[in-house]
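Q: So I've got this file, model.pdb, and it contains PDB, C-alpha atoms:
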```pdb
ATOM      1  CA  GLY A   1     154.855  19.620  92.512
ATOM      2  CA  GLN A   2     154.607  20.708  88.914
ATOM      3  CA  GLN A   3     153.357  24.248  88.378
ATOM      4  CA  VAL A   4     152.121  25.818  85.164
ATOM      5  CA  MET A   5     151.815  29.591  85.038
ATOM      6  CA  GLN A   6     150.079  31.639  82.376
ATOM      7  CA  ILE A   7     150.388  35.341  81.675
ATOM      8  CA  PRO A   8     148.664  37.641  81.332
ATOM      9  CA  GLN A   9     145.587  36.740  83.364
ATOM     10  CA  TYR A  10     143.420  39.073  81.307
ATOM     11  CA  GLN A  11     143.848  40.754  77.935
ATOM     12  CA  HIS A  12     141.520  43.302  76.398
ATOM     13  CA  VAL A  13     142.096  44.102  72.730
ATOM     14  CA  GLN A  14     140.416  46.004  69.957
ATOM     15  CA  GLU A  15     139.134  43.822  67.146
ATOM     16  CA  GLY A  16     141.912  43.430  64.590
ATOM     17  CA  GLU A  17     144.742  43.673  67.120
ATOM     18  CA  ASP A  18     147.027  40.746  67.849
ATOM     19  CA  PHE A  19     147.007  38.713  71.073
ATOM     20  CA  THR A  20     149.593  36.514  72.751
ATOM     21  CA  THR A  21     149.413  34.356  75.871
ATOM     22  CA  TYR A  22     152.415  32.709  77.482
ATOM     23  CA  CYS A  23     152.654  29.486  79.422
ATOM     24  CA  ASN A  24     155.603  28.586  81.677
ATOM     25  CA  SER A  25     156.233  25.325  83.501
ATOM     26  CA  SER A  26     158.374  24.718  86.562
ATOM     27  CA  THR A  27     159.457  21.368  85.069
ATOM     28  CA  THR A  28     160.360  20.049  81.624
ATOM     29  CA  LEU A  29     157.277  18.884  79.788
ATOM     30  CA  SER A  30     156.661  15.903  77.555
ATOM     31  CA  ASN A  31     153.995  17.756  75.646
ATOM     32  CA  ILE A  32     151.693  20.704  75.971
ATOM     33  CA  GLN A  33     148.073  21.045  74.983
ATOM     34  CA  TRP A  34     146.037  24.202  74.440
ATOM     35  CA  TYR A  35     142.324  24.515  75.140
ATOM     36  CA  LYS A  36     139.756  27.288  74.668
ATOM     37  CA  GLN A  37     136.825  27.797  77.011
ATOM     38  CA  ARG A  38     134.062  30.139  75.934
ATOM     39  CA  PRO A  39     132.122  31.962  78.685
ATOM     40  CA  GLY A  40     129.752  29.449  80.278
ATOM     41  CA  GLY A  41     131.211  26.609  78.241
ATOM     42  CA  HIS A  42     133.663  23.807  78.640
ATOM     43  CA  PRO A  43     137.316  23.559  77.539
ATOM     44  CA  VAL A  44     137.713  22.579  73.892
ATOM     45  CA  PHE A  45     140.952  21.025  72.655
ATOM     46  CA  LEU A  46     142.850  23.180  70.174
ATOM     47  CA  ILE A  47     146.229  21.569  69.616
ATOM     48  CA  GLN A  48     149.088  19.520  71.071
ATOM     49  CA  LEU A  49     152.798  20.266  70.783
ATOM     50  CA  VAL A  50     155.352  17.551  71.405
ATOM     51  CA  LYS A  51     158.736  18.450  69.902
ATOM     52  CA  SER A  52     161.256  20.962  71.186
ATOM     53  CA  GLY A  53     160.916  24.210  69.226
ATOM     54  CA  GLU A  54     157.770  23.018  67.465
ATOM     55  CA  VAL A  55     155.566  25.594  65.748
ATOM     56  CA  LYS A  56     152.044  24.831  64.558
ATOM     57  CA  LYS A  57     149.502  27.070  62.863
ATOM     58  CA  GLN A  58     145.739  26.948  62.701
ATOM     59  CA  LYS A  59     144.504  29.774  60.467
ATOM     60  CA  ARG A  60     145.132  32.914  62.570
ATOM     61  CA  LEU A  61     146.471  30.962  65.572
ATOM     62  CA  THR A  62     150.184  30.159  65.973
ATOM     63  CA  PHE A  63     151.383  27.838  68.718
ATOM     64  CA  GLN A  64     155.015  27.466  69.811
ATOM     65  CA  PHE A  65     156.797  25.058  72.134
ATOM     66  CA  GLY A  66     160.041  26.309  73.641
ATOM     67  CA  GLU A  67     163.419  24.752  72.924
ATOM     68  CA  ALA A  68     163.752  23.651  76.549
ATOM     69  CA  LYS A  69     160.169  22.316  76.551
ATOM     70  CA  LYS A  70     159.337  24.429  79.597
ATOM     71  CA  ASN A  71     157.341  27.171  77.919
ATOM     72  CA  SER A  72     154.829  27.712  75.179
ATOM     73  CA  SER A  73     152.892  30.519  73.562
ATOM     74  CA  LEU A  74     149.711  31.055  71.613
ATOM     75  CA  HIS A  75     149.515  34.006  69.236
ATOM     76  CA  ILE A  76     146.336  35.156  67.517
ATOM     77  CA  THR A  77     146.692  37.484  64.540
ATOM     78  CA  ALA A  78     143.991  40.073  63.869
ATOM     79  CA  THR A  79     141.591  39.065  66.619
ATOM     80  CA  GLN A  80     137.894  38.693  65.949
ATOM     81  CA  THR A  81     134.964  38.777  68.370
ATOM     82  CA  THR A  82     134.684  35.013  67.969
ATOM     83  CA  ASP A  83     138.098  34.661  69.645
ATOM     84  CA  VAL A  84     136.628  35.726  72.996
ATOM     85  CA  GLY A  85     137.184  33.197  75.759
ATOM     86  CA  THR A  86     139.756  31.811  78.159
ATOM     87  CA  TYR A  87     142.783  30.048  76.715
ATOM     88  CA  PHE A  88     144.370  27.342  78.861
ATOM     89  CA  CYS A  89     147.609  25.492  78.439
ATOM     90  CA  ALA A  90     147.984  22.023  79.960
ATOM     91  CA  GLY A  91     151.455  20.616  80.404
ATOM     92  CA  LEU A  92     152.203  16.909  80.694
ATOM     93  CA  ASN A  93     155.057  15.735  82.862
ATOM     94  CA  THR A  94     155.468  12.009  82.303
ATOM     95  CA  ASN A  95     156.986  11.578  85.759
ATOM     96  CA  ALA A  96     153.825  12.981  87.287
ATOM     97  CA  GLY A  97     151.694  11.004  84.854
ATOM     98  CA  LYS A  98     149.147  13.754  84.461
ATOM     99  CA  SER A  99     148.610  17.097  82.811
ATOM    100  CA  THR A 100     148.563  20.295  84.845
ATOM    101  CA  PHE A 101     146.437  23.166  83.604
ATOM    102  CA  GLY A 102     147.431  26.785  83.926
ATOM    103  CA  ASP A 103     144.876  29.293  85.212
ATOM    104  CA  GLY A 104     144.270  30.622  81.718
ATOM    105  CA  THR A 105     144.297  33.958  79.927
ATOM    106  CA  THR A 106     140.896  35.522  79.416
ATOM    107  CA  LEU A 107     140.625  37.418  76.152
ATOM    108  CA  THR A 108     137.981  40.037  75.501
ATOM    109  CA  VAL A 109     137.665  41.681  72.099
ATOM    110  CA  LYS A 110     136.054  45.053  71.607
ATOM    111  CA  PRO A 111     134.342  45.396  68.224
TER
ATOM    112  CA  ASP B   1     127.725  11.315  67.659
ATOM    113  CA  ALA B   2     127.000  12.502  71.181
ATOM    114  CA  GLY B   3     129.763  14.220  73.062
ATOM    115  CA  VAL B   4     130.619  13.737  76.710
ATOM    116  CA  THR B   5     127.453  13.966  78.775
ATOM    117  CA  GLN B   6     127.316  14.841  82.446
ATOM    118  CA  SER B   7     124.484  14.833  84.926
ATOM    119  CA  PRO B   8     123.101  16.658  86.702
ATOM    120  CA  THR B   9     123.925  20.056  85.203
ATOM    121  CA  HIS B  10     123.378  21.879  88.482
ATOM    122  CA  LEU B  11     123.201  20.722  92.058
ATOM    123  CA  ILE B  12     122.735  22.441  95.399
ATOM    124  CA  LYS B  13     123.798  20.666  98.580
ATOM    125  CA  THR B  14     124.468  21.592 102.181
ATOM    126  CA  ARG B  15     127.594  21.049 104.205
ATOM    127  CA  GLY B  16     128.100  17.470 105.360
ATOM    128  CA  GLN B  17     126.002  15.914 102.607
ATOM    129  CA  HIS B  18     127.364  13.667  99.908
ATOM    130  CA  VAL B  19     126.987  13.918  96.147
ATOM    131  CA  THR B  20     127.319  11.643  93.123
ATOM    132  CA  LEU B  21     128.110  13.090  89.723
ATOM    133  CA  ARG B  22     127.818  11.055  86.544
ATOM    134  CA  CYS B  23     129.614  11.070  83.217
ATOM    135  CA  SER B  24     129.171   9.213  79.943
ATOM    136  CA  PRO B  25     132.182   9.377  77.621
ATOM    137  CA  ILE B  26     132.174   9.696  73.879
ATOM    138  CA  SER B  27     131.366   6.367  72.267
ATOM    139  CA  GLY B  28     134.579   4.405  71.833
ATOM    140  CA  HIS B  29     136.498   6.332  74.472
ATOM    141  CA  LYS B  30     137.773   4.178  77.292
ATOM    142  CA  SER B  31     139.366   6.786  79.549
ATOM    143  CA  VAL B  32     137.547   9.220  81.796
ATOM    144  CA  SER B  33     139.121  11.988  83.860
ATOM    145  CA  TRP B  34     137.519  14.224  86.446
ATOM    146  CA  TYR B  35     138.477  17.834  87.084
ATOM    147  CA  GLN B  36     137.403  20.524  89.546
ATOM    148  CA  GLN B  37     137.279  24.063  88.190
ATOM    149  CA  VAL B  38     136.886  26.960  90.576
ATOM    150  CA  LEU B  39     135.861  30.304  89.078
ATOM    151  CA  GLY B  40     138.837  32.115  87.633
ATOM    152  CA  GLN B  41     141.135  29.081  87.715
ATOM    153  CA  GLY B  42     142.087  26.264  85.430
ATOM    154  CA  PRO B  43     140.729  22.731  85.791
ATOM    155  CA  GLN B  44     142.402  20.793  88.603
ATOM    156  CA  PHE B  45     142.900  17.087  88.051
ATOM    157  CA  ILE B  46     141.051  14.772  90.454
ATOM    158  CA  PHE B  47     141.079  11.269  88.931
ATOM    159  CA  GLN B  48     141.695   9.364  85.746
ATOM    160  CA  TYR B  49     140.167   5.970  85.019
ATOM    161  CA  TYR B  50     140.988   3.658  82.145
ATOM    162  CA  GLU B  51     139.475   0.253  81.591
ATOM    163  CA  LYS B  52     137.798   0.495  84.994
ATOM    164  CA  GLU B  53     141.077   0.998  86.830
ATOM    165  CA  GLU B  54     142.353   4.154  88.486
ATOM    166  CA  ARG B  55     145.290   5.484  86.478
ATOM    167  CA  GLY B  56     145.926   8.731  88.312
ATOM    168  CA  ARG B  57     144.877  10.720  91.330
ATOM    169  CA  GLY B  58     145.314  14.414  92.044
ATOM    170  CA  ASN B  59     145.842  16.167  95.358
ATOM    171  CA  PHE B  60     142.326  15.794  96.689
ATOM    172  CA  PRO B  61     141.259  14.380 100.068
ATOM    173  CA  ASP B  62     139.873  10.881 100.535
ATOM    174  CA  ARG B  63     136.385  12.378 100.619
ATOM    175  CA  PHE B  64     136.639  12.266  96.835
ATOM    176  CA  SER B  65     136.269   8.889  95.156
ATOM    177  CA  ALA B  66     135.342   7.649  91.731
ATOM    178  CA  ARG B  67     134.745   4.534  89.730
ATOM    179  CA  GLN B  68     134.313   3.479  86.120
ATOM    180  CA  PHE B  69     131.763   0.980  84.919
ATOM    181  CA  PRO B  70     132.039  -1.738  82.242
ATOM    182  CA  ASN B  71     130.359   0.595  79.731
ATOM    183  CA  TYR B  72     133.128   3.166  80.498
ATOM    184  CA  SER B  73     130.757   5.619  82.167
ATOM    185  CA  SER B  74     131.957   6.999  85.459
ATOM    186  CA  GLU B  75     130.797   8.396  88.776
ATOM    187  CA  LEU B  76     132.495  10.900  91.038
ATOM    188  CA  ASN B  77     131.488  10.765  94.694
ATOM    189  CA  VAL B  78     132.208  13.429  97.262
ATOM    190  CA  ASN B  79     131.425  12.842 100.936
ATOM    191  CA  ALA B  80     131.138  15.257 103.845
ATOM    192  CA  LEU B  81     130.770  18.252 101.553
ATOM    193  CA  LEU B  82     132.508  21.485 102.494
ATOM    194  CA  LEU B  83     131.798  25.017 101.326
ATOM    195  CA  GLY B  84     135.074  24.893  99.429
ATOM    196  CA  ASP B  85     133.801  22.044  97.275
ATOM    197  CA  SER B  86     131.592  24.515  95.411
ATOM    198  CA  ALA B  87     132.882  24.423  91.835
ATOM    199  CA  LEU B  88     132.278  23.246  88.294
ATOM    200  CA  TYR B  89     133.099  19.548  88.016
ATOM    201  CA  LEU B  90     134.221  18.572  84.557
ATOM    202  CA  CYS B  91     134.481  15.150  83.063
ATOM    203  CA  ALA B  92     136.764  14.544  80.100
ATOM    204  CA  SER B  93     137.072  11.453  77.955
ATOM    205  CA  SER B  94     139.842  10.278  75.688
ATOM    206  CA  PHE B  95     140.340   7.257  73.492
ATOM    207  CA  SER B  96     143.030   5.605  75.579
ATOM    208  CA  GLY B  97     144.682   5.952  78.959
ATOM    209  CA  VAL B  98     147.788   7.523  77.475
ATOM    210  CA  SER B  99     148.249  10.992  78.883
ATOM    211  CA  ASN B 100     149.077  12.651  75.570
ATOM    212  CA  GLN B 101     145.619  12.111  74.131
ATOM    213  CA  PRO B 102     143.371  15.124  73.476
ATOM    214  CA  GLN B 103     140.681  15.345  76.098
ATOM    215  CA  HIS B 104     137.030  15.973  75.248
ATOM    216  CA  PHE B 105     135.173  17.743  78.015
ATOM    217  CA  GLY B 106     131.529  17.648  78.969
ATOM    218  CA  ASP B 107     129.555  20.728  79.968
ATOM    219  CA  GLY B 108     130.152  19.986  83.636
ATOM    220  CA  THR B 109     128.102  19.841  86.802
ATOM    221  CA  ARG B 110     127.933  23.066  88.747
ATOM    222  CA  LEU B 111     127.889  22.165  92.429
ATOM    223  CA  SER B 112     126.910  24.754  95.021
ATOM    224  CA  ILE B 113     127.347  24.062  98.720
ATOM    225  CA  LEU B 114     125.262  26.115 101.146
TER
END
```
What is this structure when it is put down as structure tokens?

A:
Amino acid sequence: GQQVMQIPQYQHVQEGEDFTTYCNSSTTLSNIQWYKQRPGGHPVFLIQLVKSGEVKKQKRLTFQFGEAKKNSSLHITATQTTDVGTYFCAGLNTNAGKSTFGDGTTLTVKP
Amino acid sequence: DAGVTQSPTHLIKTRGQHVTLRCSPISGHKSVSWYQQVLGQGPQFIFQYYEKEERGRGNFPDRFSARQFPNYSSELNVNALLLGDSALYLCASSFSGVSNQPQHFGDGTRLSIL
């Protein structure tokens, strides 16, 4: 079945440093969504990418969808303590009819 | 507007018992999905319901079942509970049954099996 892998599993950064998490799918995706889950909270939708090579920005966050639509990345510039949490990608394979979540990258930020 | 609401927030059961978890979607949302999240892992898809019909099912045993009511709320039932069923159960709603819709999650029900 479809597998979605995320690396790294954990990332510890100093406040102000950049952060990147990568998402790789075993199959070609129709779209990919990114979610953020704060400690003790629930996943919150951040963004959806649909087109091959698509790049979207939200303030300090930059999301990319690979040309082959099998990988994606989330980059945070100049991290802040409010960025702490686990970032999940969820890839949709239309043949499977459902999205598959990766296991997330947990970001901690040291002030 | 209220977000997705789930009840109960916490539940403790013993092996062999059954459990019913409830979810009310955001007003106007007609699709509800259920996920199981084990500590340290991403949410795993269990079911999706849209307009009271099952639209998708994940790789979970038949002990797991669900339904959606005319008001679009939903219940997840798990029979013959096992220790491995201990997890956070998340409900997510979206406007339609199309899989590319953003999903809005509730706070979840934390189920502990003793």

Q: Determine, counting only C-alpha atoms, which protein, DNA and RNA residues have an atom within 10 Å of an atom of Gly40 in chain A; residues of the same chain fewer than 3 positions away are not included. Present the result as a ChimeraX atom specification.

A: /A:37,43,85 /B:107

Q: With 6 Å as the limit and counting only C-alpha atoms, what residues in chain A lie close to chain B? Please list them as a PyMOL selection string.

A: chain A and resi 42+101-103

Q: Rank A:Val4, A:Val44, A:Ile32, A:Val13 by their smallest atom-to-atom distance to Tyr87 in chain A, using all atoms listed in the file, and report the top residue only.

A: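 Closest residue, counting all atoms listed in the file: A:Val44.
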
Q: Could you check which residues have any atom within 12 Å of (162.3, 18.6, 85.8), counting only C-alpha atoms with coordinates taken straight from the file, and then list them as a list of chain:residue names?

A: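 Those residues lying close to the given coordinates are A:Gly1, A:Gln2, A:Gln3, A:Ser25, A:Ser26, A:Thr27, A:Thr28, A:Leu29, A:Ser30, A:Ala68, A:Lys69, A:Lys70, A:Leu92, A:Asn93, A:Thr94, A:Asn95, A:Ala96.
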
Q: Apply the PyMOL selection byres ((chain A and resi 107) around 8) to the file shown and report the selected residues as JSON, numbers by chain.

A: {"A": [10, 11, 12, 13, 83, 84, 85, 86, 87, 105, 106, 108, 109]}

Q: Keeping C-alpha atoms, export the residues of the selection given above as an mmCIF file, in the coordinates of the input.

A:
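Dumped to selection.cif:
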```cif
data_model
loop_
_atom_site.group_PDB
_atom_site.id
_atom_site.type_symbol
_atom_site.label_atom_id
_atom_site.label_comp_id
_atom_site.auth_asym_id
_atom_site.auth_seq_id
_atom_site.Cartn_x
_atom_site.Cartn_y
_atom_site.Cartn_z
ATOM 1 C CA TYR A 10 143.420 39.073 81.307
ATOM 2 C CA GLN A 11 143.848 40.754 77.935
ATOM 3 C CA HIS A 12 141.520 43.302 76.398
ATOM 4 C CA VAL A 13 142.096 44.102 72.730
ATOM 5 C CA ASP A 83 138.098 34.661 69.645
ATOM 6 C CA VAL A 84 136.628 35.726 72.996
ATOM 7 C CA GLY A 85 137.184 33.197 75.759
ATOM 8 C CA THR A 86 139.756 31.811 78.159
ATOM 9 C CA TYR A 87 142.783 30.048 76.715
ATOM 10 C CA THR A 105 144.297 33.958 79.927
ATOM 11 C CA THR A 106 140.896 35.522 79.416
ATOM 12 C CA THR A 108 137.981 40.037 75.501
ATOM 13 C CA VAL A 109 137.665 41.681 72.099
#
```

Q: Got a sec to resolve the PyMOL selection byres ((chain B and resi 71) around 12) on this structure and send the residues as JSON, numbers by chain?

A: {"B": [23, 24, 25, 26, 27, 28, 29, 30, 31, 32, 50, 51, 52, 67, 68, 69, 70, 72, 73, 74, 75]}
